[in-house]
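What follows is one structure encoded as structure tokens, with my remarks underneath.
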Amino acid sequence: MKAIETALEGLLILEPKVFGDSRGFFLESWNERSFQAATGSSLRFVQDNHSRSSHGVLRGLHYQRVQPQGKLVRVTSGSVWDVAVDIRIGSPSFGQSMACELSAENHRQLWIPPGFAHGFLVLSESADFLYKTTDYWFPEHERSLRWNDPALGIAWPLERLRDPNPLLAAKDAFARTLADLKIAGELPNFAV
């Protein structure tokens, strides 16, 4: 597994070794020893999730205020524009984001440490999105950060959609800005 550092502390793009020939391919999608060596993290995963979304669906930007989740995300069918935002109060990269395309073709994974908001936009006809989490989902602690908050400056590739208006869940359509969430005390702290 190859780990590619990003500008945001702890956020890594992971590229597994892919063995392919005319019959298809094989890759090791999860290996605890390889993951710990690549990330330096000893966090354990407690839950696996799988979502399927249609073209133009934007999910996020989600996080848990209490019991924040680290996520290891990947796409097994289709492609998405994946975004992580550092929302940890006191972090040197607070309010900064990183985005990359995850697809069934590039086999990339993204390690998103606890304390980041996360979301994705489906670029293909549909996408199967799989992710492991380091804590369980607690709906009472889930929050949504506005996907198009001008202060974040996220360059979503809306020009790649048939309709430039992504399809949103109600909680995402009415999500608050980073500034509003900070004032309300709804953001996690940076752990040194």
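Chains: A, B, ... in order of the structure tokens. Residues: from 1 per chain. Ligands: from 1, in order shown.
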- Message: What's around segment 85-88 of chain A at 7 Å? Count only C-alpha atoms, leave out sequence neighbours fewer than 5 positions away in its own chain, and write the answer as number ranges by chain.
- Response: A: 93-98, 115-118, 187-190
- Item | segment 4-16 of chain A surroundings by only C-alpha atoms, 12 Å radius, close-in-sequence under 5 positions cut, as number ranges by chain | A: 25-31, 34-41, 70-74, 82-88, 91-103, 105-118, 190-192
- Query: Of the candidates A:His141, A:Arg33, A:Lys132, A:Arg146, which shows the shortest atom-to-atom distance to Gly60 of chain A, using only C-alpha atoms?
  - Reply: A:Arg146
- Message: Just want the 7 Å neighbourhood of Gln64 of chain A, counted on only C-alpha atoms, with same-chain residues fewer than 5 positions away dropped. Output as a PyMOL selection string.
- Response: chain A and resi 69+141-143
- Query: Nearest to Pro150 of chain A: which of A:Ser77, A:Thr134, A:Phe120, A:Ala179 is it, counting only C-alpha atoms?
  - Reply: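 Checking each candidate against Pro150 of chain A, we get A:Ala179 as the closest.
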- Task: Can you work out which one of A:Ala155, A:Ala184, A:Val80, A:Ala3 has the shortest atom-to-atom distance to Leu130 of chain A, counting only C-alpha atoms?
- Result: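 Selected residue with least distance to Leu130 of chain A: A:Val80.
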- Message: Counting only C-alpha atoms, which residue out of A:Arg23, A:Lys17, A:Lys171, A:Arg162 sits closest to Leu61 of chain A?
- Response: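 So, comparing all the options, the nearest one is A:Lys171.
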